[in-house]
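**Q** Mind having a look at this structure? Questions to follow.
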Amino acid sequence: MPDKTTLQQLSAAVEANFEEQVRFLADIVRHPSLRGREAPLQDHMYRWFAGRGYAVDRFSIADVRLQEHPKASPMVDVDPAGSFQVVASRRCASPTGRSLILQGHIDVVPEGPAEMWTFPPYGGTVKDGWMYGRGAHDMKSGVSAMCFALEAIRAAGYAPAADVHLQTVTEEESTGNGALATLLRGYRADACLIPEPTGGTITRAHTGTMWFRLRVRGVPVHVAVAQSGSNAIMSAYHLILALQEHTKRLNEAAKTDKWYEGTPDPIKFNPGIIRGGDWASSTPAWCEVDCRLGLLPGQDVATQQRAVEKAVAEAARTDNFLSNNPPEVVWHGFLADGFVQEPGSEAEAVLAEAHRAAFGEEMGARISTAVNDTRFYGLYFGMPALCYGPKGEGAHGFDERTNLEHLKTTTLSIAAFVADWCGLQPLS
Ligand code: ZN
């Protein structure tokens, strides 16, 4: 742990910079960095890092040999060449400590109908100690925490005594290919911290995620003779019900899982987007449903994919039309493993200690039923991968918001973690 004086210096620096941090956060929330449209925000991040003396590397997913990696996910709907990653490095000339990657995703999910928000979704409005906006919580708050943890260290007159890479990535909400691209670009460290908004807990386990698109055909006829046609939307509905049954069976099996036995129905199935049909008085000739299904850590993605295809094929066989016109299952995004950051790592002990120093309480652990990017570091590249960050509400929902007081303390906690993990040298 950094000594008391250093901690006080860091705390004072976080406090002194906090107004600027809130401004920074509002700025990045105002960028609608939806999938495929993250580049302007990455340009902004590039300039911000470069202006503070970081060595900045900006590259696209097309610049690395992503699809040669077995854990790359398909990118069907966006161009990898337009998906930019930014890595800002502060390298230490004579390192004496342990190196660190701090990573945050800057992609956000669609905001939905703006009129259902109390505050404009890309406004970055502050009210009663909370900042509102899509991404304010998941996870631009965490991005501000990692950036300003490093700012605090510098303002206090120190530099980390090891290499630190600050990474802003895309694709976290759809494939994870942004994080994987930074690893394939060559960035490594002795640990990785991803400040997703965990409310000051460490994510002990996260589930995997699979995305697939159901493609169903129909026979278009005038609805007056609907019996001679086939309705693709109703066929898709039949398949959705079958997949709900499939999910029930998966959750039955999850009841004895070591990490998830205490979590009711940890496998979540979601038909998230539906498109189909052309006319209210014609039986629809086509329907597509984009679905998301979870899996447990340790379960094999390919095996779970085959199980989905089997459930769909079996449901199709019980339907007159579908049995002769089998639906397609297209894997168009996430093929992500679950991951457990086993307790007992040195990195976690250092983080727990930093949390205690900043918050004055013990760091809890949580079990997550969603995916995050730590799996790449922890499962495939052998690095301790900690998912820990600020507190907020409403991820993927209306009036998403982050708590600014908690964000400030989290920033201090991360600064203290960097100070202890990397060590500090006087700023030269
Ligand atoms: Zn997130």
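Chains: A, B, ... in order of the structure tokens. Residues: from 1 per chain. Ligands: from 1, in order shown.
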To check your reading of the model: which residues sit at most 9 Å from ligand 1 when counting only C-alpha atoms and all ligand atoms? Write the answer as a ChimeraX atom specification.
**A** /A:104-108,135,137-140,172-173,195-197,371-373,395
**Q** Tell me which protein, DNA and RNA residues are within 6 Å of Ala191 of chain A, counting only C-alpha atoms, leaving out same-chain ones fewer than 6 positions away, and put them as a PyMOL selection string.
**A** chain A and resi 100+383-384
**Q** Selection from above, all heavy atoms, as an mmCIF file, in the first residue's frame, can you write it?
**A**
```cif
data_model
loop_
_atom_site.group_PDB
_atom_site.id
_atom_site.type_symbol
_atom_site.label_atom_id
_atom_site.label_comp_id
_atom_site.auth_asym_id
_atom_site.auth_seq_id
_atom_site.Cartn_x
_atom_site.Cartn_y
_atom_site.Cartn_z
ATOM 1 N N LEU A 100 1.077 -2.670 -16.128
ATOM 2 C CA LEU A 100 -0.378 -2.708 -15.986
ATOM 3 C C LEU A 100 -1.067 -2.237 -17.261
ATOM 4 O O LEU A 100 -0.630 -1.275 -17.897
ATOM 5 C CB LEU A 100 -0.796 -1.793 -14.817
ATOM 6 C CG LEU A 100 -2.295 -1.688 -14.511
ATOM 7 C CD1 LEU A 100 -2.861 -3.025 -14.039
ATOM 8 C CD2 LEU A 100 -2.543 -0.606 -13.457
ATOM 9 N N MET A 383 -3.019 -13.462 -17.885
ATOM 10 C CA MET A 383 -2.792 -12.316 -17.014
ATOM 11 C C MET A 383 -3.909 -12.231 -15.996
ATOM 12 O O MET A 383 -5.059 -12.473 -16.340
ATOM 13 C CB MET A 383 -2.808 -11.019 -17.853
ATOM 14 C CG MET A 383 -1.704 -10.975 -18.872
ATOM 15 S SD MET A 383 -2.013 -9.751 -20.193
ATOM 16 C CE MET A 383 -2.458 -8.315 -19.266
ATOM 17 N N PRO A 384 -3.589 -11.876 -14.737
ATOM 18 C CA PRO A 384 -4.690 -11.605 -13.809
ATOM 19 C C PRO A 384 -5.544 -10.480 -14.378
ATOM 20 O O PRO A 384 -4.998 -9.469 -14.830
ATOM 21 C CB PRO A 384 -4.002 -11.175 -12.513
ATOM 22 C CG PRO A 384 -2.546 -11.091 -12.792
ATOM 23 C CD PRO A 384 -2.270 -11.642 -14.146
#
```
**Q** Looking at only C-alpha atoms, which of A:Pro426, A:Gly112, A:Pro2, A:Gly294 is the one that sits closest to Ala357 of chain A?
**A**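 Nearest candidate to Ala357 of chain A out of A:Pro426, A:Gly112, A:Pro2, A:Gly294: A:Pro2.
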**Q** With only C-alpha atoms as the atoms that count, which of A:Thr409, A:Thr6, A:Gln341, A:Thr374 lies nearest to Arg154 of chain A?
**A**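 Smallest distance to Arg154 of chain A is found for A:Thr6.
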**Q** Could you give me, as CSV, every segment 230-323 of chain A residue with an atom at most 12 Å from segment 174-190 of chain A, plus its closest atom pair and distance in Å to one decimal, counting only C-alpha atoms, rows ordered by chain then number?
**A**
```
residue,atom,partner,partner_atom,distance
A:Asp290,CA,A:Ser174,CA,11.9
A:Cys291,CA,A:Ser174,CA,11.7
A:Arg292,CA,A:Ser174,CA,10.1
```
**Q** Using only C-alpha atoms, which of A:Ile274, A:Leu239, A:Val126, A:Ala354 sits nearest Thr318 of chain A?
**A**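 Checking each of A:Ile274, A:Leu239, A:Val126, A:Ala354 against Thr318 of chain A, counting only C-alpha atoms, the winner is A:Leu239.
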**Q** Do you have, as JSON lines, the list of residues of segment 218-252 of chain A lying at most 8 Å from segment 312-316 of chain A, each with its nearest atom pair and that distance in Å to one decimal, counting only C-alpha atoms and ordered by chain then number?
**A**
```
{"residue": "A:His238", "atom": "CA", "partner": "A:Ala315", "partner_atom": "CA", "distance": 7.5}
{"residue": "A:Leu239", "atom": "CA", "partner": "A:Ala315", "partner_atom": "CA", "distance": 6.2}
{"residue": "A:Ala242", "atom": "CA", "partner": "A:Ala315", "partner_atom": "CA", "distance": 6.2}
{"residue": "A:Leu243", "atom": "CA", "partner": "A:Val312", "partner_atom": "CA", "distance": 7.2}
```
**Q** Selected residues, N, CA and C atoms, written as an mmCIF file, in the first residue's frame, please.
**A**
```
data_model
loop_
_atom_site.group_PDB
_atom_site.id
_atom_site.type_symbol
_atom_site.label_atom_id
_atom_site.label_comp_id
_atom_site.auth_asym_id
_atom_site.auth_seq_id
_atom_site.Cartn_x
_atom_site.Cartn_y
_atom_site.Cartn_z
ATOM 1 N N HIS A 238 -42.715 -19.261 -32.920
ATOM 2 C CA HIS A 238 -42.637 -20.682 -32.574
ATOM 3 C C HIS A 238 -41.187 -21.050 -32.171
ATOM 4 N N LEU A 239 -40.215 -20.546 -32.900
ATOM 5 C CA LEU A 239 -38.811 -20.853 -32.589
ATOM 6 C C LEU A 239 -38.372 -20.160 -31.297
ATOM 7 N N ALA A 242 -39.448 -22.174 -28.425
ATOM 8 C CA ALA A 242 -38.604 -23.362 -28.285
ATOM 9 C C ALA A 242 -37.272 -23.005 -27.626
ATOM 10 N N LEU A 243 -36.742 -21.833 -27.963
ATOM 11 C CA LEU A 243 -35.468 -21.420 -27.365
ATOM 12 C C LEU A 243 -35.635 -21.052 -25.895
#
```
**Q** Using only C-alpha atoms, find the one residue out of A:Ala50, A:Ile194, A:Ala358, A:Leu296 that sits nearest to Met210 of chain A.
**A**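 Using only C-alpha atoms, the shortest distance to Met210 of chain A belongs to A:Leu296.
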